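Engineer: Structure file query.cif (mmCIF, C-alpha atoms) is given on the next line.
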```
data_target
#
loop_
_atom_site.group_PDB
_atom_site.id
_atom_site.type_symbol
_atom_site.label_atom_id
_atom_site.label_comp_id
_atom_site.auth_asym_id
_atom_site.auth_seq_id
_atom_site.Cartn_x
_atom_site.Cartn_y
_atom_site.Cartn_z
ATOM 1 C CA MET R 1 -67.699 -58.866 -49.292
ATOM 2 C CA SER R 2 -66.064 -59.246 -45.936
ATOM 3 C CA ARG R 3 -65.908 -62.593 -44.196
ATOM 4 C CA PHE R 4 -66.048 -61.488 -40.543
ATOM 5 C CA ARG R 5 -68.460 -59.456 -38.413
ATOM 6 C CA VAL R 6 -67.782 -57.255 -35.406
ATOM 7 C CA GLY R 7 -67.463 -59.501 -32.350
ATOM 8 C CA ASP R 8 -66.245 -62.573 -34.277
ATOM 9 C CA LYS R 9 -63.402 -64.456 -32.579
ATOM 10 C CA VAL R 10 -60.436 -64.903 -34.891
ATOM 11 C CA ARG R 11 -56.881 -66.164 -34.872
ATOM 12 C CA VAL R 12 -53.974 -64.611 -36.777
ATOM 13 C CA ARG R 13 -52.380 -67.208 -39.037
ATOM 14 C CA GLU R 14 -49.205 -68.740 -37.635
ATOM 15 C CA ASP R 15 -47.345 -68.272 -40.880
ATOM 16 C CA TRP R 16 -43.857 -66.958 -41.594
ATOM 17 C CA PRO R 17 -43.619 -66.095 -45.310
ATOM 18 C CA GLU R 18 -40.393 -64.252 -44.438
ATOM 19 C CA GLN R 19 -38.721 -67.664 -44.371
ATOM 20 C CA ARG R 20 -39.750 -68.413 -47.968
ATOM 21 C CA GLY R 21 -38.373 -65.374 -49.787
ATOM 22 C CA PRO R 22 -38.588 -61.580 -50.132
ATOM 23 C CA VAL R 23 -41.908 -60.255 -48.779
ATOM 24 C CA HIS R 24 -43.543 -57.066 -47.508
ATOM 25 C CA ILE R 25 -45.941 -57.927 -44.690
ATOM 26 C CA ARG R 26 -48.004 -55.626 -42.472
ATOM 27 C CA THR R 27 -48.914 -58.304 -39.898
ATOM 28 C CA PRO R 28 -46.508 -57.908 -36.950
ATOM 29 C CA HIS R 29 -44.549 -60.961 -35.759
ATOM 30 C CA TYR R 30 -45.837 -60.656 -32.195
ATOM 31 C CA LEU R 31 -49.401 -61.383 -33.367
ATOM 32 C CA ARG R 32 -48.769 -64.489 -35.473
ATOM 33 C CA GLY R 33 -50.842 -67.359 -34.073
ATOM 34 C CA ARG R 34 -52.593 -65.121 -31.499
ATOM 35 C CA ALA R 35 -56.343 -64.971 -30.851
ATOM 36 C CA GLY R 36 -58.359 -61.763 -30.935
ATOM 37 C CA GLU R 37 -61.759 -60.328 -31.759
ATOM 38 C CA ILE R 38 -63.014 -58.255 -34.692
ATOM 39 C CA ALA R 39 -63.596 -54.684 -33.459
ATOM 40 C CA ALA R 40 -64.388 -52.971 -36.783
ATOM 41 C CA LEU R 41 -64.196 -53.292 -40.532
ATOM 42 C CA LEU R 42 -62.070 -50.309 -41.575
ATOM 43 C CA GLY R 43 -62.573 -50.630 -45.319
ATOM 44 C CA VAL R 44 -60.987 -52.343 -48.298
ATOM 45 C CA PHE R 45 -57.447 -51.528 -49.398
ATOM 46 C CA PRO R 46 -55.051 -52.890 -52.042
ATOM 47 C CA ASN R 47 -52.981 -55.753 -50.670
ATOM 48 C CA PRO R 48 -49.640 -54.213 -49.560
ATOM 49 C CA GLU R 49 -47.940 -57.582 -50.048
ATOM 50 C CA ASP R 50 -48.514 -57.166 -53.812
ATOM 51 C CA LEU R 51 -48.210 -53.375 -54.001
ATOM 52 C CA ALA R 52 -44.682 -53.520 -52.615
ATOM 53 C CA PHE R 53 -43.590 -55.669 -55.570
ATOM 54 C CA ASP R 54 -45.588 -53.813 -58.219
ATOM 55 C CA ARG R 55 -47.899 -56.787 -58.759
ATOM 56 C CA PRO R 56 -51.637 -56.387 -59.396
ATOM 57 C CA ALA R 57 -53.009 -55.837 -55.881
ATOM 58 C CA PRO R 58 -56.531 -57.081 -55.081
ATOM 59 C CA ARG R 59 -58.492 -54.940 -52.628
ATOM 60 C CA LEU R 60 -58.862 -56.775 -49.329
ATOM 61 C CA PRO R 61 -61.017 -56.157 -46.249
ATOM 62 C CA LEU R 62 -58.964 -54.538 -43.469
ATOM 63 C CA TYR R 63 -60.152 -55.082 -39.888
ATOM 64 C CA HIS R 64 -59.386 -53.520 -36.555
ATOM 65 C CA VAL R 65 -58.737 -56.577 -34.370
ATOM 66 C CA ARG R 66 -58.707 -56.341 -30.573
ATOM 67 C CA PHE R 67 -56.255 -58.446 -28.547
ATOM 68 C CA ARG R 68 -56.132 -58.957 -24.782
ATOM 69 C CA PRO R 69 -52.588 -58.703 -23.376
ATOM 70 C CA GLU R 70 -52.844 -62.154 -21.733
ATOM 71 C CA ALA R 71 -53.099 -63.614 -25.253
ATOM 72 C CA LEU R 72 -49.795 -61.958 -26.179
ATOM 73 C CA TRP R 73 -47.358 -61.598 -23.297
ATOM 74 C CA PRO R 74 -46.120 -63.688 -20.370
ATOM 75 C CA GLU R 75 -46.481 -60.726 -17.958
ATOM 76 C CA PRO R 76 -49.738 -59.002 -18.948
ATOM 77 C CA VAL R 77 -50.805 -55.913 -17.066
ATOM 78 C CA SER R 78 -54.531 -55.676 -16.488
ATOM 79 C CA GLY R 79 -56.662 -52.986 -18.055
ATOM 80 C CA GLU R 80 -55.014 -52.870 -21.454
ATOM 81 C CA THR R 81 -56.044 -53.934 -24.888
ATOM 82 C CA LEU R 82 -54.430 -53.664 -28.282
ATOM 83 C CA LEU R 83 -56.092 -52.662 -31.553
ATOM 84 C CA VAL R 84 -54.280 -53.617 -34.751
ATOM 85 C CA GLU R 85 -55.120 -53.327 -38.472
ATOM 86 C CA ILE R 86 -55.021 -56.787 -40.053
ATOM 87 C CA PHE R 87 -55.945 -57.847 -43.590
ATOM 88 C CA GLU R 88 -58.559 -60.595 -43.954
ATOM 89 C CA PRO R 89 -56.354 -63.374 -45.444
ATOM 90 C CA TRP R 90 -54.290 -63.320 -42.226
ATOM 91 C CA LEU R 91 -57.341 -64.189 -40.087
ATOM 92 C CA THR R 92 -59.013 -67.542 -39.483
ATOM 93 C CA PRO R 93 -62.301 -68.064 -37.585
ATOM 94 C CA LEU R 94 -62.075 -69.335 -34.015
ATOM 95 C CA MET B 1 -41.630 -56.259 -61.718
ATOM 96 C CA ALA B 2 -40.444 -57.946 -58.546
ATOM 97 C CA HIS B 3 -37.373 -56.728 -56.677
ATOM 98 C CA ALA B 4 -34.267 -58.733 -57.546
ATOM 99 C CA PRO B 5 -31.728 -59.099 -54.731
ATOM 100 C CA LEU B 6 -28.913 -56.551 -55.053
ATOM 101 C CA SER B 7 -25.566 -57.866 -56.244
ATOM 102 C CA ALA B 8 -22.577 -57.228 -54.010
ATOM 103 C CA ALA B 9 -21.280 -54.678 -56.551
ATOM 104 C CA ASP B 10 -24.613 -52.809 -56.613
ATOM 105 C CA ARG B 11 -24.784 -52.835 -52.833
ATOM 106 C CA LYS B 12 -21.299 -51.340 -52.624
ATOM 107 C CA LEU B 13 -22.235 -48.685 -55.175
ATOM 108 C CA LEU B 14 -25.382 -47.865 -53.181
ATOM 109 C CA GLU B 15 -23.440 -47.526 -49.947
ATOM 110 C CA THR B 16 -20.689 -45.339 -51.394
ATOM 111 C CA THR B 17 -22.750 -42.984 -53.574
ATOM 112 C CA PRO B 18 -23.604 -39.646 -51.930
ATOM 113 C CA PRO B 19 -27.331 -39.460 -51.001
ATOM 114 C CA GLU B 20 -27.826 -36.342 -53.170
ATOM 115 C CA ALA B 21 -26.631 -38.255 -56.259
ATOM 116 C CA LEU B 22 -28.932 -41.198 -55.422
ATOM 117 C CA PHE B 23 -31.882 -38.821 -55.012
ATOM 118 C CA ALA B 24 -31.102 -37.122 -58.338
ATOM 119 C CA ALA B 25 -30.860 -40.484 -60.109
ATOM 120 C CA LEU B 26 -34.114 -41.674 -58.543
ATOM 121 C CA LYS B 27 -35.882 -38.479 -59.636
ATOM 122 C CA ARG B 28 -34.615 -38.888 -63.221
ATOM 123 C CA VAL B 29 -36.046 -42.413 -63.361
ATOM 124 C CA LEU B 30 -39.389 -41.372 -61.823
ATOM 125 C CA PHE B 31 -39.758 -38.457 -64.259
ATOM 126 C CA ALA B 32 -38.670 -40.550 -67.269
ATOM 127 C CA LYS B 33 -41.256 -43.214 -66.433
ATOM 128 C CA GLY B 34 -43.944 -40.581 -65.879
ATOM 129 C CA LEU B 35 -44.590 -41.838 -62.329
ATOM 130 C CA VAL B 36 -44.051 -38.408 -60.752
ATOM 131 C CA ALA B 37 -44.190 -34.931 -62.263
ATOM 132 C CA PRO B 38 -41.231 -32.676 -61.358
ATOM 133 C CA GLU B 39 -43.456 -30.104 -59.616
ATOM 134 C CA GLU B 40 -45.060 -32.763 -57.384
ATOM 135 C CA ILE B 41 -41.926 -33.286 -55.290
ATOM 136 C CA PRO B 42 -41.503 -29.721 -53.935
ATOM 137 C CA ALA B 43 -45.299 -29.502 -53.531
ATOM 138 C CA GLN B 44 -45.337 -32.639 -51.368
ATOM 139 C CA ILE B 45 -42.360 -31.457 -49.316
ATOM 140 C CA ALA B 46 -44.066 -28.085 -48.773
ATOM 141 C CA GLN B 47 -47.292 -29.754 -47.650
ATOM 142 C CA THR B 48 -45.488 -32.051 -45.214
ATOM 143 C CA GLU B 49 -43.432 -29.171 -43.801
ATOM 144 C CA ARG B 50 -46.507 -26.968 -43.423
ATOM 145 C CA ALA B 51 -48.206 -29.590 -41.254
ATOM 146 C CA SER B 52 -47.200 -29.508 -37.600
ATOM 147 C CA PRO B 53 -48.588 -30.444 -34.190
ATOM 148 C CA LEU B 54 -49.937 -26.881 -34.038
ATOM 149 C CA ILE B 55 -52.621 -27.920 -36.525
ATOM 150 C CA GLY B 56 -53.492 -30.954 -34.415
ATOM 151 C CA ALA B 57 -53.690 -28.720 -31.337
ATOM 152 C CA GLN B 58 -56.087 -26.341 -33.107
ATOM 153 C CA ILE B 59 -58.272 -29.267 -34.186
ATOM 154 C CA VAL B 60 -58.411 -30.520 -30.589
ATOM 155 C CA ALA B 61 -59.188 -27.064 -29.163
ATOM 156 C CA ARG B 62 -62.100 -26.652 -31.565
ATOM 157 C CA ALA B 63 -63.414 -30.116 -30.694
ATOM 158 C CA TRP B 64 -63.286 -29.111 -27.002
ATOM 159 C CA THR B 65 -65.315 -25.951 -27.563
ATOM 160 C CA ASP B 66 -67.692 -26.879 -30.387
ATOM 161 C CA PRO B 67 -69.772 -30.072 -29.886
ATOM 162 C CA ALA B 68 -70.849 -30.170 -33.544
ATOM 163 C CA TYR B 69 -67.202 -30.002 -34.643
ATOM 164 C CA ARG B 70 -66.300 -32.762 -32.193
ATOM 165 C CA ALA B 71 -69.020 -35.003 -33.642
ATOM 166 C CA LEU B 72 -67.801 -34.309 -37.181
ATOM 167 C CA LEU B 73 -64.175 -34.966 -36.210
ATOM 168 C CA LEU B 74 -65.051 -38.390 -34.799
ATOM 169 C CA ALA B 75 -67.418 -39.353 -37.623
ATOM 170 C CA GLU B 76 -65.653 -37.875 -40.662
ATOM 171 C CA PRO B 77 -62.112 -36.843 -39.744
ATOM 172 C CA ALA B 78 -61.124 -36.065 -43.346
ATOM 173 C CA ARG B 79 -63.928 -33.494 -43.653
ATOM 174 C CA ALA B 80 -63.287 -32.061 -40.189
ATOM 175 C CA VAL B 81 -59.596 -31.315 -40.788
ATOM 176 C CA GLU B 82 -60.430 -29.367 -43.959
ATOM 177 C CA ALA B 83 -61.502 -26.557 -41.609
ATOM 178 C CA PHE B 84 -57.788 -26.060 -40.900
ATOM 179 C CA GLY B 85 -56.661 -26.163 -44.517
ATOM 180 C CA VAL B 86 -55.600 -29.813 -44.487
ATOM 181 C CA SER B 87 -56.553 -31.906 -47.520
ATOM 182 C CA LEU B 88 -56.355 -35.669 -47.106
ATOM 183 C CA THR B 89 -56.890 -36.272 -50.824
ATOM 184 C CA GLY B 90 -54.383 -38.922 -51.814
ATOM 185 C CA ALA B 91 -53.321 -39.386 -48.182
ATOM 186 C CA PRO B 92 -54.150 -42.399 -46.024
ATOM 187 C CA PRO B 93 -57.472 -42.170 -44.159
ATOM 188 C CA LEU B 94 -57.334 -40.573 -40.721
ATOM 189 C CA GLY B 95 -58.918 -42.090 -37.618
ATOM 190 C CA VAL B 96 -59.495 -40.057 -34.447
ATOM 191 C CA LEU B 97 -59.465 -41.924 -31.115
ATOM 192 C CA GLU B 98 -61.496 -40.262 -28.389
ATOM 193 C CA ASN B 99 -60.108 -40.390 -24.848
ATOM 194 C CA ARG B 100 -62.917 -40.581 -22.286
ATOM 195 C CA PRO B 101 -63.093 -41.084 -18.541
ATOM 196 C CA GLY B 102 -61.850 -44.659 -18.068
ATOM 197 C CA GLN B 103 -60.512 -44.995 -21.641
ATOM 198 C CA HIS B 104 -57.101 -43.783 -22.811
ATOM 199 C CA HIS B 105 -55.470 -44.380 -26.222
ATOM 200 C CA LEU B 106 -51.789 -44.686 -27.143
ATOM 201 C CA ILE B 107 -50.598 -44.811 -30.754
ATOM 202 C CA VAL B 108 -47.562 -46.657 -32.060
ATOM 203 C CA CYS B 109 -46.345 -48.161 -35.312
ATOM 204 C CA THR B 110 -44.398 -51.292 -34.397
ATOM 205 C CA LEU B 111 -43.479 -52.037 -38.022
ATOM 206 C CA CYS B 112 -42.058 -48.667 -39.038
ATOM 207 C CA SER B 113 -43.209 -45.115 -38.314
ATOM 208 C CA CYS B 114 -46.751 -44.685 -39.709
ATOM 209 C CA TYR B 115 -47.987 -41.343 -38.420
ATOM 210 C CA PRO B 116 -50.705 -38.847 -39.441
ATOM 211 C CA ARG B 117 -48.205 -36.532 -41.145
ATOM 212 C CA ALA B 118 -50.844 -34.643 -43.103
ATOM 213 C CA VAL B 119 -52.253 -33.374 -39.800
ATOM 214 C CA LEU B 120 -49.320 -33.479 -37.362
ATOM 215 C CA GLY B 121 -46.237 -33.108 -39.575
ATOM 216 C CA TYR B 122 -43.099 -35.145 -38.963
ATOM 217 C CA PRO B 123 -43.225 -37.519 -35.983
ATOM 218 C CA PRO B 124 -41.124 -36.770 -32.896
ATOM 219 C CA PHE B 125 -37.808 -38.666 -32.876
ATOM 220 C CA TRP B 126 -38.806 -41.013 -30.059
ATOM 221 C CA TYR B 127 -41.887 -42.227 -31.960
ATOM 222 C CA LYS B 128 -39.574 -43.986 -34.413
ATOM 223 C CA SER B 129 -37.253 -45.484 -31.794
ATOM 224 C CA ALA B 130 -37.114 -49.269 -31.392
ATOM 225 C CA ALA B 131 -37.537 -48.885 -27.617
ATOM 226 C CA TYR B 132 -40.786 -46.905 -27.931
ATOM 227 C CA ARG B 133 -42.215 -49.271 -30.531
ATOM 228 C CA ALA B 134 -41.420 -52.382 -28.479
ATOM 229 C CA ARG B 135 -42.519 -51.061 -25.102
ATOM 230 C CA ALA B 136 -45.717 -49.325 -26.217
ATOM 231 C CA VAL B 137 -47.356 -52.654 -27.039
ATOM 232 C CA ARG B 138 -45.897 -54.657 -24.152
ATOM 233 C CA ASP B 139 -45.778 -52.296 -21.181
ATOM 234 C CA PRO B 140 -47.756 -49.178 -22.062
ATOM 235 C CA ARG B 141 -48.576 -48.320 -18.458
ATOM 236 C CA GLY B 142 -44.933 -48.495 -17.432
ATOM 237 C CA LEU B 143 -43.925 -46.420 -20.440
ATOM 238 C CA LEU B 144 -46.493 -43.719 -19.654
ATOM 239 C CA ALA B 145 -45.413 -43.658 -16.001
ATOM 240 C CA GLU B 146 -41.836 -42.885 -17.079
ATOM 241 C CA TRP B 147 -43.171 -39.797 -18.836
ATOM 242 C CA GLY B 148 -45.028 -38.812 -15.688
ATOM 243 C CA THR B 149 -48.379 -39.813 -17.153
ATOM 244 C CA VAL B 150 -50.358 -41.504 -14.409
ATOM 245 C CA LEU B 151 -53.936 -42.251 -15.397
ATOM 246 C CA PRO B 152 -56.769 -42.445 -12.880
ATOM 247 C CA ALA B 153 -57.170 -45.918 -11.331
ATOM 248 C CA GLY B 154 -59.332 -48.193 -13.452
ATOM 249 C CA THR B 155 -58.490 -46.437 -16.731
ATOM 250 C CA GLU B 156 -58.182 -48.884 -19.615
ATOM 251 C CA ILE B 157 -55.371 -48.207 -22.082
ATOM 252 C CA THR B 158 -56.055 -49.134 -25.697
ATOM 253 C CA VAL B 159 -52.802 -49.297 -27.625
ATOM 254 C CA VAL B 160 -53.385 -48.768 -31.341
ATOM 255 C CA ASP B 161 -50.656 -50.365 -33.471
ATOM 256 C CA SER B 162 -50.785 -48.506 -36.773
ATOM 257 C CA THR B 163 -49.811 -51.367 -39.062
ATOM 258 C CA ALA B 164 -51.573 -50.741 -42.352
ATOM 259 C CA ASP B 165 -53.617 -48.154 -44.216
ATOM 260 C CA TYR B 166 -55.032 -45.902 -41.475
ATOM 261 C CA ARG B 167 -53.268 -43.106 -39.637
ATOM 262 C CA TRP B 168 -54.430 -42.337 -36.090
ATOM 263 C CA MET B 169 -54.453 -39.364 -33.744
ATOM 264 C CA VAL B 170 -55.749 -39.072 -30.192
ATOM 265 C CA LEU B 171 -58.432 -36.594 -29.158
ATOM 266 C CA PRO B 172 -57.405 -35.985 -25.534
ATOM 267 C CA MET B 173 -59.783 -34.965 -22.747
ATOM 268 C CA ARG B 174 -60.072 -31.281 -21.959
ATOM 269 C CA PRO B 175 -58.279 -30.645 -18.671
ATOM 270 C CA SER B 176 -60.201 -29.312 -15.709
ATOM 271 C CA GLY B 177 -59.436 -25.719 -14.770
ATOM 272 C CA THR B 178 -59.900 -24.497 -18.361
ATOM 273 C CA GLU B 179 -63.556 -23.520 -18.119
ATOM 274 C CA GLY B 180 -64.280 -20.457 -20.229
ATOM 275 C CA TRP B 181 -60.967 -20.583 -22.119
ATOM 276 C CA ASP B 182 -61.107 -19.719 -25.825
ATOM 277 C CA GLU B 183 -59.749 -21.899 -28.635
ATOM 278 C CA ALA B 184 -56.402 -20.120 -28.930
ATOM 279 C CA ARG B 185 -55.658 -20.443 -25.226
ATOM 280 C CA LEU B 186 -56.734 -24.109 -25.212
ATOM 281 C CA SER B 187 -54.712 -25.045 -28.281
ATOM 282 C CA ALA B 188 -51.559 -23.714 -26.613
ATOM 283 C CA LEU B 189 -51.967 -26.439 -23.971
ATOM 284 C CA VAL B 190 -51.894 -29.326 -26.446
ATOM 285 C CA ARG B 191 -48.502 -30.948 -27.102
ATOM 286 C CA VAL B 192 -47.545 -33.479 -29.752
ATOM 287 C CA SER B 193 -47.208 -36.188 -27.082
ATOM 288 C CA ASP B 194 -50.856 -35.524 -26.079
ATOM 289 C CA LEU B 195 -51.922 -36.258 -29.671
ATOM 290 C CA ILE B 196 -50.084 -39.612 -29.561
ATOM 291 C CA GLY B 197 -51.297 -40.466 -26.049
ATOM 292 C CA MET B 198 -47.943 -40.473 -24.231
ATOM 293 C CA THR B 199 -49.111 -37.565 -22.075
ATOM 294 C CA VAL B 200 -52.384 -35.828 -21.279
ATOM 295 C CA PRO B 201 -52.929 -32.060 -21.453
ATOM 296 C CA GLU B 202 -52.915 -30.271 -18.137
ATOM 297 C CA ALA B 203 -53.888 -26.752 -17.142
ATOM 298 C CA PRO B 204 -51.080 -24.809 -15.486
ATOM 299 C CA ALA B 205 -51.346 -25.011 -11.697
#
```
Represent the structure from my file as structure tokens, please.
Structural biologist:
Amino acid sequence: MSRFRVGDKVRVREDWPEQRGPVHIRTPHYLRGRAGEIAALLGVFPNPEDLAFDRPAPRLPLYHVRFRPEALWPEPVSGETLLVEIFEPWLTPL
Amino acid sequence: MAHAPLSAADRKLLETTPPEALFAALKRVLFAKGLVAPEEIPAQIAQTERASPLIGAQIVARAWTDPAYRALLLAEPARAVEAFGVSLTGAPPLGVLENRPGQHHLIVCTLCSCYPRAVLGYPPFWYKSAAYRARAVRDPRGLLAEWGTVLPAGTEITVVDSTADYRWMVLPMRPSGTEGWDEARLSALVRVSDLIGMTVPEAPA
């Protein structure tokens, strides 16, 4: 079961597991702590953070999340948006 | 088993061993553990080398000329590409992003170099560069302008950062001035940069 629906406002967790030890993370640094909106549920996929270390990898919902540039950059240009694949545990409701 | 940090001695060994010897040692371990069969490696290399932007161009040309194929390509890309001998079995799922009047797409992988290799082959060198990856998400319009790609006023650019399990390709818009062209002639217009969204196909003046 997926937690979010298309159109839900979400925030990417402001978390830096890189500082706590070896990790493999598919959530880019520039999105940590940023707000966006669920654009689509792409499916469920094994958690890459476990796969990379050969641990049992639970299948997690993967969303396409839409971000407005003004939520990301100090000099946003109008008429652009960003779509990024983000796994559910990285998202919190807004 | 989790990765243990490399010791200084192991790191030195890794850096001074010829790549061919490392590859041979890696293959021995993979075969011994039964993770890969010996014949799978040349088969995978052959499949990757067979794929090229020419296949992507043929897919686009058919989508431009056959509305039913276009609908299939957008709804079920994996089934649609089978028409050109591409099997996505065991490969990451493919997503096709449709450019429309007022809506352009640009694909990047800021984390590494995720790319729809099964359909388009190896990525162009610039796709993997740090400059492309950084600028595509921050200043896509400026980046496109440097390549001479100026979109009509009011066009929204959606940058797709390919961070996880999907691989993406762009379905560009058919250029004006190509009315009545057949698939072969159309596919010759489509470049790899059109399939990533850095450029848009144009009919010769």
Engineer: I'd like the contact shell of Gly43 (chain R) - 10 Å cut-off, all atoms listed in the file, skipping same-chain residues fewer than 3 positions apart - returned as a tab-separated table (two decimals) with C-alpha atoms, keeping the file's coordinate frame.
Structural biologist:
```tsv
chain	number	residue	atom	x	y	z
R	2	SER	CA	-66.06	-59.25	-45.94
R	40	ALA	CA	-64.39	-52.97	-36.78
R	59	ARG	CA	-58.49	-54.94	-52.63
R	60	LEU	CA	-58.86	-56.78	-49.33
R	61	PRO	CA	-61.02	-56.16	-46.25
R	62	LEU	CA	-58.96	-54.54	-43.47
R	63	TYR	CA	-60.15	-55.08	-39.89
R	64	HIS	CA	-59.39	-53.52	-36.56
R	87	PHE	CA	-55.94	-57.85	-43.59
B	93	PRO	CA	-57.47	-42.17	-44.16
B	165	ASP	CA	-53.62	-48.15	-44.22
B	166	TYR	CA	-55.03	-45.90	-41.48
```
Engineer: Residues near region 184-197 of chain B, anyone? I mean within 10 Å using only C-alpha atoms, not counting same-chain ones fewer than 6 positions away, as a PyMOL selection string.
Structural biologist: chain B and resi 52-62+64-65+96-97+99+104-108+115-116+120-121+123-124+127+144+147+149+157-160+168-175+178+203-204
Engineer: Per residue of chain R within 9 Å of chain B, note the shortest atom pair and the distance in Å to one decimal, counting only C-alpha atoms, and order the rows by chain and increasing residue number, as CSV.
Structural biologist:
```
residue,atom,partner,partner_atom,distance
R:Pro22,CA,B:His3,CA,8.2
R:Arg26,CA,B:Thr163,CA,5.7
R:Thr27,CA,B:Thr163,CA,7.0
R:Pro28,CA,B:Leu111,CA,6.7
R:Leu42,CA,B:Tyr166,CA,8.3
R:Phe45,CA,B:Asp165,CA,7.3
R:Pro48,CA,B:Ala164,CA,8.2
R:Ala52,CA,B:Ala2,CA,8.5
R:Phe53,CA,B:Ala2,CA,4.9
R:Asp54,CA,B:Met1,CA,5.8
R:Arg55,CA,B:Met1,CA,7.0
R:Leu62,CA,B:Asp165,CA,8.4
R:Pro69,CA,B:Arg138,CA,7.9
R:Leu72,CA,B:Arg138,CA,8.5
R:Trp73,CA,B:Arg138,CA,7.1
R:Glu75,CA,B:Arg138,CA,8.7
R:Pro76,CA,B:Arg138,CA,7.8
R:Val77,CA,B:Asp139,CA,7.4
R:Ser78,CA,B:Glu156,CA,8.3
R:Gly79,CA,B:Glu156,CA,4.6
R:Glu80,CA,B:Ile157,CA,4.7
R:Thr81,CA,B:Thr158,CA,4.9
R:Leu82,CA,B:Val159,CA,4.7
R:Leu83,CA,B:Val160,CA,4.7
R:Val84,CA,B:Asp161,CA,5.0
R:Glu85,CA,B:Thr163,CA,5.7
R:Ile86,CA,B:Ala164,CA,7.3
R:Phe87,CA,B:Ala164,CA,8.4
```
Engineer: Give as a list of chain:residue names the residues that the PyMOL selection byres ((chain R and resi 15) around 12) matches when applied to the coordinates above.
Structural biologist: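 This file gives the following for the PyMOL selection byres ((chain R and resi 15) around 12): R:Arg11, R:Val12, R:Arg13, R:Glu14, R:Trp16, R:Pro17, R:Glu18, R:Gln19, R:Arg20, R:Ile25, R:Thr27, R:Pro28, R:His29, R:Tyr30, R:Leu31, R:Arg32, R:Gly33, R:Arg34, R:Pro89, R:Trp90, R:Leu91, R:Thr92.
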Engineer: Could you write those residues out with C-alpha atoms, as a compact mmCIF listing (two decimals), in the frame of the given file?
Structural biologist:
```txt
# COMPACT_ATOMS: atom_id res chain seq x y z
CA ARG R 11 -56.88 -66.16 -34.87
CA VAL R 12 -53.97 -64.61 -36.78
CA ARG R 13 -52.38 -67.21 -39.04
CA GLU R 14 -49.20 -68.74 -37.64
CA TRP R 16 -43.86 -66.96 -41.59
CA PRO R 17 -43.62 -66.10 -45.31
CA GLU R 18 -40.39 -64.25 -44.44
CA GLN R 19 -38.72 -67.66 -44.37
CA ARG R 20 -39.75 -68.41 -47.97
CA ILE R 25 -45.94 -57.93 -44.69
CA THR R 27 -48.91 -58.30 -39.90
CA PRO R 28 -46.51 -57.91 -36.95
CA HIS R 29 -44.55 -60.96 -35.76
CA TYR R 30 -45.84 -60.66 -32.20
CA LEU R 31 -49.40 -61.38 -33.37
CA ARG R 32 -48.77 -64.49 -35.47
CA GLY R 33 -50.84 -67.36 -34.07
CA ARG R 34 -52.59 -65.12 -31.50
CA PRO R 89 -56.35 -63.37 -45.44
CA TRP R 90 -54.29 -63.32 -42.23
CA LEU R 91 -57.34 -64.19 -40.09
CA THR R 92 -59.01 -67.54 -39.48
```
Engineer: Grab the CA of Pro46 (chain R) to CA of Gly90 (chain B) distance for me, in Å with one decimal place.
Structural biologist: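 So the answer is 14.0 Å.
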Engineer: Go ahead and compute the interatomic distance for CA of Val200 (chain B) and CA of Tyr132 (chain B), in Å to one decimal.
Structural biologist: 17.4 Å
Engineer: In Å to one decimal, how far is CA of Glu49 (chain B) from CA of Leu88 (chain B)?
Structural biologist: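 Computing it gives 14.8 Å between the two atoms.
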Engineer: Starting from 6 Å padding per side, set up an axis-aligned box that covers all listed atoms of region 160-163 of chain B and hand over centre and edge lengths in Å, one decimal, as lines of an AutoDock Vina configuration file.
Structural biologist:
```
center_x = -51.6
center_y = -49.9
center_z = -35.2
size_x = 15.6
size_y = 14.9
size_z = 19.7
```
